[in-house]
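Content type mmCIF, C-alpha atoms and all ligand atoms, from the file upload-v1.cif:
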data_work
loop_
_atom_site.group_PDB
_atom_site.id
_atom_site.type_symbol
_atom_site.label_atom_id
_atom_site.label_comp_id
_atom_site.auth_asym_id
_atom_site.auth_seq_id
_atom_site.Cartn_x
_atom_site.Cartn_y
_atom_site.Cartn_z
ATOM 1 C CA MET A 1 94.570 -122.910 -171.656
ATOM 2 C CA LYS A 2 94.271 -120.325 -168.909
ATOM 3 C CA LEU A 3 96.675 -118.056 -167.049
ATOM 4 C CA ILE A 4 96.521 -118.131 -163.268
ATOM 5 C CA LYS A 5 98.158 -115.450 -161.121
ATOM 6 C CA ALA A 6 100.884 -117.062 -159.041
ATOM 7 C CA THR A 7 101.306 -116.491 -155.322
ATOM 8 C CA ILE A 8 103.923 -117.326 -152.718
ATOM 9 C CA GLU A 9 102.467 -120.882 -152.377
ATOM 10 C CA ASN A 10 103.365 -121.528 -156.018
ATOM 11 C CA ILE A 11 107.121 -121.001 -155.571
ATOM 12 C CA PRO A 12 107.958 -124.768 -155.508
ATOM 13 C CA LEU A 13 105.853 -125.228 -158.671
ATOM 14 C CA ILE A 14 107.619 -122.347 -160.463
ATOM 15 C CA GLN A 15 110.988 -123.818 -159.438
ATOM 16 C CA ASP A 16 110.002 -127.239 -160.778
ATOM 17 C CA LEU A 17 108.673 -125.878 -164.097
ATOM 18 C CA ALA A 18 111.802 -123.721 -164.522
ATOM 19 C CA LYS A 19 114.124 -126.674 -163.906
ATOM 20 C CA ARG A 20 112.294 -128.909 -166.403
ATOM 21 C CA SER A 21 112.231 -126.178 -169.040
ATOM 22 C CA TRP A 22 115.840 -125.053 -168.548
ATOM 23 C CA GLU A 23 117.314 -128.564 -168.647
ATOM 24 C CA ASN A 24 115.823 -128.966 -172.103
ATOM 25 C CA ALA A 25 116.130 -125.431 -173.522
ATOM 26 C CA TYR A 26 119.685 -124.704 -172.370
ATOM 27 C CA ALA A 27 121.248 -128.179 -172.667
ATOM 28 C CA GLU A 28 123.253 -127.155 -175.758
ATOM 29 C CA ILE A 29 123.765 -123.519 -174.773
ATOM 30 C CA LEU A 30 124.949 -123.433 -171.153
ATOM 31 C CA SER A 31 127.272 -125.686 -169.206
ATOM 32 C CA GLN A 32 125.713 -127.809 -166.443
ATOM 33 C CA GLU A 33 127.604 -125.672 -163.897
ATOM 34 C CA GLN A 34 126.248 -122.408 -165.280
ATOM 35 C CA MET A 35 122.699 -123.749 -165.489
ATOM 36 C CA LYS A 36 122.838 -124.954 -161.878
ATOM 37 C CA TYR A 37 124.283 -121.624 -160.723
ATOM 38 C CA MET A 38 121.639 -119.588 -162.570
ATOM 39 C CA LEU A 39 118.705 -121.748 -161.464
ATOM 40 C CA GLU A 40 119.846 -121.656 -157.839
ATOM 41 C CA ASN A 41 120.226 -117.884 -157.920
ATOM 42 C CA MET A 42 117.428 -116.712 -160.195
ATOM 43 C CA TYR A 43 114.861 -119.183 -158.873
ATOM 44 C CA SER A 44 115.708 -119.325 -155.183
ATOM 45 C CA GLU A 45 112.828 -118.929 -152.758
ATOM 46 C CA ILE A 46 114.310 -115.610 -151.626
ATOM 47 C CA GLU A 47 114.567 -114.307 -155.193
ATOM 48 C CA ILE A 48 111.060 -115.338 -156.320
ATOM 49 C CA SER A 49 109.437 -114.121 -153.109
ATOM 50 C CA SER A 50 111.135 -110.744 -153.551
ATOM 51 C CA HIS A 51 109.596 -110.561 -157.050
ATOM 52 C CA LEU A 52 106.172 -111.464 -155.658
ATOM 53 C CA ARG A 53 106.455 -108.688 -153.053
ATOM 54 C CA ASN A 54 107.173 -106.154 -155.822
ATOM 55 C CA SER A 55 103.795 -104.748 -156.882
ATOM 56 C CA ASN A 56 105.038 -104.298 -160.467
ATOM 57 C CA TYR A 57 106.359 -107.854 -160.889
ATOM 58 C CA HIS A 58 103.785 -110.505 -161.816
ATOM 59 C CA TYR A 59 103.966 -114.245 -162.331
ATOM 60 C CA TYR A 60 101.251 -116.218 -164.104
ATOM 61 C CA LEU A 61 101.068 -119.996 -164.370
ATOM 62 C CA ILE A 62 100.129 -121.448 -167.750
ATOM 63 C CA PHE A 63 97.505 -124.104 -167.052
ATOM 64 C CA ASP A 64 96.034 -126.654 -169.458
ATOM 65 C CA GLU A 65 92.424 -127.488 -168.568
ATOM 66 C CA LYS A 66 92.499 -130.562 -170.855
ATOM 67 C CA THR A 67 95.369 -132.277 -169.075
ATOM 68 C CA ASN A 68 94.669 -130.565 -165.742
ATOM 69 C CA ASP A 69 98.353 -129.792 -165.505
ATOM 70 C CA TYR A 70 100.729 -126.820 -165.666
ATOM 71 C CA ASP A 71 102.621 -126.094 -168.907
ATOM 72 C CA GLY A 72 104.900 -123.323 -167.681
ATOM 73 C CA PHE A 73 104.869 -119.742 -166.457
ATOM 74 C CA ILE A 74 105.527 -116.133 -167.372
ATOM 75 C CA GLY A 75 107.103 -113.414 -165.208
ATOM 76 C CA PHE A 76 107.071 -109.744 -166.167
ATOM 77 C CA GLU A 77 107.800 -106.398 -164.567
ATOM 78 C CA ASN A 78 105.699 -103.348 -165.399
ATOM 79 C CA HIS A 79 107.297 -99.868 -165.494
ATOM 80 C CA TYR A 80 110.809 -101.366 -165.639
ATOM 81 C CA GLU A 81 111.795 -98.339 -167.731
ATOM 82 C CA GLU A 82 109.637 -95.394 -168.766
ATOM 83 C CA ASN A 83 106.444 -96.765 -170.414
ATOM 84 C CA THR A 84 108.161 -100.147 -170.618
ATOM 85 C CA THR A 85 107.443 -103.613 -169.231
ATOM 86 C CA LYS A 86 110.255 -106.168 -169.096
ATOM 87 C CA LEU A 87 109.368 -109.757 -169.949
ATOM 88 C CA GLN A 88 111.665 -111.344 -167.379
ATOM 89 C CA ARG A 89 110.888 -115.005 -168.005
ATOM 90 C CA ILE A 90 108.665 -117.239 -170.112
ATOM 91 C CA TYR A 91 109.217 -120.975 -169.865
ATOM 92 C CA LEU A 92 107.208 -123.955 -171.051
ATOM 93 C CA VAL A 93 108.045 -127.551 -170.201
ATOM 94 C CA PRO A 94 109.358 -129.442 -173.278
ATOM 95 C CA GLU A 95 106.123 -131.430 -173.871
ATOM 96 C CA SER A 96 104.107 -128.187 -174.113
ATOM 97 C CA LYS A 97 106.272 -126.388 -176.678
ATOM 98 C CA GLY A 98 105.135 -125.742 -180.240
ATOM 99 C CA LYS A 99 101.374 -125.849 -179.543
ATOM 100 C CA GLY A 100 100.647 -122.123 -179.651
ATOM 101 C CA LEU A 101 100.772 -121.609 -175.868
ATOM 102 C CA GLY A 102 103.729 -119.211 -176.066
ATOM 103 C CA LYS A 103 101.916 -117.089 -178.625
ATOM 104 C CA LYS A 104 98.732 -116.958 -176.498
ATOM 105 C CA THR A 105 100.777 -116.059 -173.430
ATOM 106 C CA LEU A 106 102.442 -113.134 -175.248
ATOM 107 C CA GLU A 107 99.003 -111.928 -176.410
ATOM 108 C CA PHE A 108 97.913 -111.992 -172.754
ATOM 109 C CA LEU A 109 101.074 -110.049 -171.864
ATOM 110 C CA ASN A 110 100.236 -107.373 -174.469
ATOM 111 C CA GLU A 111 96.878 -106.816 -172.752
ATOM 112 C CA LYS A 112 98.417 -106.681 -169.257
ATOM 113 C CA VAL A 113 101.007 -104.157 -170.447
ATOM 114 C CA LYS A 114 98.379 -101.915 -172.047
ATOM 115 C CA GLU A 115 96.218 -102.089 -168.900
ATOM 116 C CA VAL A 116 98.946 -100.383 -166.843
ATOM 117 C CA GLY A 117 99.685 -97.783 -169.529
ATOM 118 C CA ASP A 118 103.018 -99.116 -170.797
ATOM 119 C CA ASN A 119 103.492 -99.281 -174.574
ATOM 120 C CA ARG A 120 106.783 -101.148 -174.966
ATOM 121 C CA ILE A 121 107.959 -104.634 -173.974
ATOM 122 C CA ILE A 122 111.645 -105.517 -173.683
ATOM 123 C CA LEU A 123 113.463 -108.778 -172.997
ATOM 124 C CA ASN A 124 116.870 -110.428 -173.036
ATOM 125 C CA VAL A 125 117.361 -113.652 -174.974
ATOM 126 C CA ASN A 126 120.505 -115.733 -175.214
ATOM 127 C CA LYS A 127 122.049 -115.273 -178.679
ATOM 128 C CA TYR A 128 122.031 -119.029 -179.230
ATOM 129 C CA ASN A 129 118.471 -119.626 -178.000
ATOM 130 C CA LEU A 130 116.014 -120.466 -180.810
ATOM 131 C CA ALA A 131 113.355 -118.647 -178.796
ATOM 132 C CA GLN A 132 114.705 -115.545 -180.528
ATOM 133 C CA LYS A 133 112.870 -116.692 -183.679
ATOM 134 C CA PHE A 134 109.701 -117.127 -181.649
ATOM 135 C CA TYR A 135 109.961 -113.504 -180.492
ATOM 136 C CA VAL A 136 110.597 -112.290 -184.065
ATOM 137 C CA SER A 137 107.456 -114.157 -185.197
ATOM 138 C CA GLN A 138 105.531 -112.252 -182.500
ATOM 139 C CA GLY A 139 106.753 -108.820 -183.655
ATOM 140 C CA TYR A 140 109.855 -108.304 -181.479
ATOM 141 C CA LYS A 141 113.024 -106.764 -182.930
ATOM 142 C CA VAL A 142 116.637 -106.811 -181.756
ATOM 143 C CA TYR A 143 117.627 -103.290 -180.623
ATOM 144 C CA ASP A 144 120.938 -104.042 -178.909
ATOM 145 C CA GLU A 145 123.158 -106.829 -177.617
ATOM 146 C CA GLY A 146 125.416 -107.307 -174.650
ATOM 147 C CA VAL A 147 127.594 -109.645 -172.637
ATOM 148 C CA PHE A 148 126.443 -109.542 -169.010
ATOM 149 C CA ASP A 149 128.535 -110.641 -166.050
ATOM 150 C CA ILE A 150 126.281 -112.779 -163.843
ATOM 151 C CA GLY A 151 128.914 -113.617 -161.230
ATOM 152 C CA ASN A 152 130.975 -116.714 -160.423
ATOM 153 C CA GLY A 153 132.927 -116.244 -163.681
ATOM 154 C CA PHE A 154 129.815 -116.744 -165.844
ATOM 155 C CA VAL A 155 128.450 -114.403 -168.515
ATOM 156 C CA MET A 156 125.258 -114.213 -170.573
ATOM 157 C CA ASP A 157 125.661 -113.335 -174.236
ATOM 158 C CA ASP A 158 122.290 -111.802 -175.072
ATOM 159 C CA PHE A 159 120.262 -110.005 -177.679
ATOM 160 C CA LEU A 160 118.034 -107.256 -176.295
ATOM 161 C CA MET A 161 114.667 -107.271 -178.043
ATOM 162 C CA GLU A 162 111.703 -104.913 -177.969
ATOM 163 C CA LYS A 163 108.146 -104.673 -179.191
ATOM 164 C CA ILE A 164 106.251 -101.423 -179.431
ATOM 165 C CA LEU A 165 102.522 -101.889 -178.826
HETATM 166 C C1 LIG B 201 109.976 -119.983 -176.475
HETATM 167 C C2 LIG B 201 108.614 -120.554 -176.123
HETATM 168 C C3 LIG B 201 107.997 -119.750 -174.950
HETATM 169 C C4 LIG B 201 107.686 -120.437 -177.351
HETATM 170 O O1 LIG B 201 106.406 -120.929 -177.035
HETATM 171 P P1 LIG B 201 105.735 -122.062 -177.952
HETATM 172 O O2 LIG B 201 104.397 -122.353 -177.387
HETATM 173 O O3 LIG B 201 106.685 -123.196 -178.089
HETATM 174 O O4 LIG B 201 105.609 -121.293 -179.351
HETATM 175 P P2 LIG B 201 104.268 -121.239 -180.236
HETATM 176 O O5 LIG B 201 103.818 -122.637 -180.520
HETATM 177 O O6 LIG B 201 103.278 -120.328 -179.597
HETATM 178 O O7 LIG B 201 104.829 -120.602 -181.565
HETATM 179 C C5 LIG B 201 104.493 -119.294 -182.007
HETATM 180 C C6 LIG B 201 105.306 -118.948 -183.223
HETATM 181 O O8 LIG B 201 106.705 -118.947 -182.913
HETATM 182 C C7 LIG B 201 107.416 -119.835 -183.773
HETATM 183 N N1 LIG B 201 108.420 -120.566 -182.980
HETATM 184 C C8 LIG B 201 108.252 -121.098 -181.764
HETATM 185 N N2 LIG B 201 109.374 -121.686 -181.334
HETATM 186 C C9 LIG B 201 110.258 -121.530 -182.338
HETATM 187 C C10 LIG B 201 111.590 -121.939 -182.533
HETATM 188 N N3 LIG B 201 112.249 -122.631 -181.582
HETATM 189 N N4 LIG B 201 112.205 -121.632 -183.695
HETATM 190 C C11 LIG B 201 111.534 -120.952 -184.643
HETATM 191 N N5 LIG B 201 110.274 -120.525 -184.525
HETATM 192 C C12 LIG B 201 109.646 -120.815 -183.391
HETATM 193 C C13 LIG B 201 106.374 -120.813 -184.282
HETATM 194 O O9 LIG B 201 106.738 -121.316 -185.541
HETATM 195 C C14 LIG B 201 105.125 -119.963 -184.342
HETATM 196 O O10 LIG B 201 105.103 -119.201 -185.553
HETATM 197 P P3 LIG B 201 103.699 -118.850 -186.284
HETATM 198 O O11 LIG B 201 102.877 -118.088 -185.279
HETATM 199 O O12 LIG B 201 104.148 -118.024 -187.436
HETATM 200 O O13 LIG B 201 103.104 -120.173 -186.619
HETATM 201 C C15 LIG B 201 108.693 -122.051 -175.697
HETATM 202 O O14 LIG B 201 109.073 -122.822 -176.836
HETATM 203 C C16 LIG B 201 109.669 -122.316 -174.575
HETATM 204 O O15 LIG B 201 109.288 -122.238 -173.401
HETATM 205 N N6 LIG B 201 110.949 -122.636 -174.888
HETATM 206 C C17 LIG B 201 111.931 -123.006 -173.902
HETATM 207 C C18 LIG B 201 112.243 -121.912 -172.919
HETATM 208 C C19 LIG B 201 112.788 -120.655 -173.544
HETATM 209 O O16 LIG B 201 113.707 -120.677 -174.327
HETATM 210 N N7 LIG B 201 112.189 -119.523 -173.111
HETATM 211 C C20 LIG B 201 112.570 -118.208 -173.573
HETATM 212 C C21 LIG B 201 113.681 -117.680 -172.744
HETATM 213 S S1 LIG B 201 114.224 -116.058 -173.271
#

Let me see the file written as C-alpha cells.
Amino acid sequence: MKLIKATIENIPLIQDLAKRSWENAYAEILSQEQMKYMLENMYSEIEISSHLRNSNYHYYLIFDEKTNDYDGFIGFENHYEENTTKLQRIYLVPESKGKGLGKKTLEFLNEKVKEVGDNRIILNVNKYNLAQKFYVSQGYKVYDEGVFDIGNGFVMDDFLMEKIL
C-alpha cells in the first residue's frame, strides 16, 4: 500500500471513492436524502478544489500496488487549532476495509502531523458510526460531543475525538 498526494486532477476519483464508501458506511445511519445532500455539498468540485488550494489541507489517495487500484483517501488540515491537525475525512471502499489499511493510514498521518510541528489530532465521528471503535483502537479518546446543524434541516450527531502525539 502507498499514499499518493492528490491533486486537482484527482477530484473525480475522490468523489467516486467517497460515494462508494458512504453508501456502505452510512446506509444504516443517514437517510438517503441526507447522504445525497452531504455528498453533493462536502464533495463538490468547488469544495474539494478549495481544500486543495489551502496550503494546510492535504488529500492523499490510498493505493494498493497488488491490485493496482485505489482503496480510498484521507483528507486532513494542519494547524486547524493551535498545535492541532484535524482529520477531516478518511474513507475506504467496502472491499478494502478490515485489512489494516486504516491503521497504516493513521500512522502516516501521525508522521505528517509531527513534521509540521502539531502534536494533537482531532476529528468528528458520527455517534452511530462503528469507526469510533477503530479510532479508540488507534489511541483516540472522546473529549466532547455535539449536534451540528449542516443546513437543509439536517444535523450531525457527533463525538469529538482527539489523540495527543
Ligand atoms: C474506519 C476505517 C477507515 C478503518 O480502516 P480499516 O482498514 O477498516 O481498519 P483496520 O483494518 O486498519 O483496523 C485497525 C483496528 O481498528 C479496529 N476496527 C476497524 N474497524 C472497526 C469496526 N468497525 N469496529 C470495531 N473495530 C474496528 C480493528 O479491529 C483493528 O484493531 P487492532 O489494530 O486492535 O487489530 C474503514 O473501515 C472505513 O473507511 N470505514 C468506512 C468509512 C468511515 O466510516 N470512515 C470514518 C468516518 S469518521

**Request:** Have a look at A:Glu33, A:Asp118, A:Glu107, A:Asp71 and name the one nearest to Gly139 of chain A; count only C-alpha atoms.
**Result:** A:Glu107

**Request:** For the structure shown, which residues end up in the PyMOL selection byres (((not hetatm)) within 8 of (chain B and resi 201))? Put them as a PyMOL selection string, please?
**Result:** chain A and resi 21-22+24-26+72+88-94+96-105+123-126+129-138

Same residues, C-alpha atoms, saved as a PDB file, in the frame of the given file:
ATOM      1  CA  SER A  21     112.231-126.178-169.040  1.00  0.00           C
ATOM      2  CA  TRP A  22     115.840-125.053-168.548  1.00  0.00           C
ATOM      3  CA  ASN A  24     115.823-128.966-172.103  1.00  0.00           C
ATOM      4  CA  ALA A  25     116.130-125.431-173.522  1.00  0.00           C
ATOM      5  CA  TYR A  26     119.685-124.704-172.370  1.00  0.00           C
ATOM      6  CA  GLY A  72     104.900-123.323-167.681  1.00  0.00           C
ATOM      7  CA  GLN A  88     111.665-111.344-167.379  1.00  0.00           C
ATOM      8  CA  ARG A  89     110.888-115.005-168.005  1.00  0.00           C
ATOM      9  CA  ILE A  90     108.665-117.239-170.112  1.00  0.00           C
ATOM     10  CA  TYR A  91     109.217-120.975-169.865  1.00  0.00           C
ATOM     11  CA  LEU A  92     107.208-123.955-171.051  1.00  0.00           C
ATOM     12  CA  VAL A  93     108.045-127.551-170.201  1.00  0.00           C
ATOM     13  CA  PRO A  94     109.358-129.442-173.278  1.00  0.00           C
ATOM     14  CA  SER A  96     104.107-128.187-174.113  1.00  0.00           C
ATOM     15  CA  LYS A  97     106.272-126.388-176.678  1.00  0.00           C
ATOM     16  CA  GLY A  98     105.135-125.742-180.240  1.00  0.00           C
ATOM     17  CA  LYS A  99     101.374-125.849-179.543  1.00  0.00           C
ATOM     18  CA  GLY A 100     100.647-122.123-179.651  1.00  0.00           C
ATOM     19  CA  LEU A 101     100.772-121.609-175.868  1.00  0.00           C
ATOM     20  CA  GLY A 102     103.729-119.211-176.066  1.00  0.00           C
ATOM     21  CA  LYS A 103     101.916-117.089-178.625  1.00  0.00           C
ATOM     22  CA  LYS A 104      98.732-116.958-176.498  1.00  0.00           C
ATOM     23  CA  THR A 105     100.777-116.059-173.430  1.00  0.00           C
ATOM     24  CA  LEU A 123     113.463-108.778-172.997  1.00  0.00           C
ATOM     25  CA  ASN A 124     116.870-110.428-173.036  1.00  0.00           C
ATOM     26  CA  VAL A 125     117.361-113.652-174.974  1.00  0.00           C
ATOM     27  CA  ASN A 126     120.505-115.733-175.214  1.00  0.00           C
ATOM     28  CA  ASN A 129     118.471-119.626-178.000  1.00  0.00           C
ATOM     29  CA  LEU A 130     116.014-120.466-180.810  1.00  0.00           C
ATOM     30  CA  ALA A 131     113.355-118.647-178.796  1.00  0.00           C
ATOM     31  CA  GLN A 132     114.705-115.545-180.528  1.00  0.00           C
ATOM     32  CA  LYS A 133     112.870-116.692-183.679  1.00  0.00           C
ATOM     33  CA  PHE A 134     109.701-117.127-181.649  1.00  0.00           C
ATOM     34  CA  TYR A 135     109.961-113.504-180.492  1.00  0.00           C
ATOM     35  CA  VAL A 136     110.597-112.290-184.065  1.00  0.00           C
ATOM     36  CA  SER A 137     107.456-114.157-185.197  1.00  0.00           C
ATOM     37  CA  GLN A 138     105.531-112.252-182.500  1.00  0.00           C
TER      38      GLN A 138
END

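With distances restricted to all atoms listed in the file, A:Glu82 is the closest residue to Gly117 of chain A from A:Glu40, A:Lys2, A:Glu82, A:Ile62.
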
**Prompt:** Nearest to Val116 of chain A: which of A:Asn68, A:Asn10, A:Asn78, A:Asn152 is it, counting all atoms listed in the file?
**Reply:**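 Residue with the minimum atom-to-atom distance to Val116 of chain A: A:Asn78.
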
**Request:** For each of A:Leu13, A:Lys163, A:Val113, A:Tyr140, take the minimum atom-to-atom distance to Asp69 of chain A, counting all atoms listed in the file, then give the residue where this is smallest.
**Result:**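 Looking at the shortest contact to Asp69 of chain A, the residue is A:Leu13.
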
**Asked** Which residue out of A:Met161, A:Leu39, A:Thr67, A:Gly151 has the minimum interatomic distance to Glu95 of chain A when all atoms listed in the file are used?
**Response**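 Of all the options, A:Thr67 lies closest to Glu95 of chain A.
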
**Asn119 of chain A surroundings by all atoms listed in the file, 10 Å radius, close-in-sequence under 4 positions cut, as a list in words** = His79, Glu82, Asn83, Thr84, Thr85, Asn110, Val113, Lys114, Glu115, Lys163, Ile164 and Leu165 of chain A

**Request:** Any chance you could resolve the PyMOL selection byres (((chain A and resi 41-56) around 10) and not hetatm) against this file and give the residues as a PyMOL selection string?
**Result:** chain A and resi 6-12+14-16+18-19+35-40+57-59+75-80+85+116+150

**Prompt:** Could you name the residues that touch Glu162 of chain A at 8 Å or less, counting all atoms listed in the file, but leaving out those on the same chain fewer than 5 positions away, as an MDAnalysis selection string?
**Reply:** chainID A and resid 120:123 140:143

**Request:** Work out how far atom CA of Val155 of chain A is from atom CA of Leu106 of chain A, in Å to one decimal.
**Result:**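 Computed distance, atom CA of Leu106 of chain A to atom CA of Val155 of chain A, equals 26.9 Å.
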
**Prompt:** For the atom pair atom CA of Asp158 of chain A and atom CA of Lys112 of chain A, what is the interatomic distance in Å to one decimal place?
**Reply:**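 Value for the atom CA of Asp158 of chain A-atom CA of Lys112 of chain A distance: 25.1 Å.
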
**Prompt:** Which residues match the PyMOL selection byres (((chain A and resi 3) around 9) and not hetatm) in the file above, as number ranges by chain?
**Reply:** A: 1-2, 4-5, 60-64, 73, 105, 108

Please give the centre and size of the box around segment 55-68 of chain A (axis-aligned, containing every atom listed in the file, 8 Å added per side), with values in Å to one decimal and written as AutoDock Vina command-line options.
--center_x 99.4 --center_y -118.3 --center_z -163.9 --size_x 29.9 --size_y 44.0 --size_z 30.0
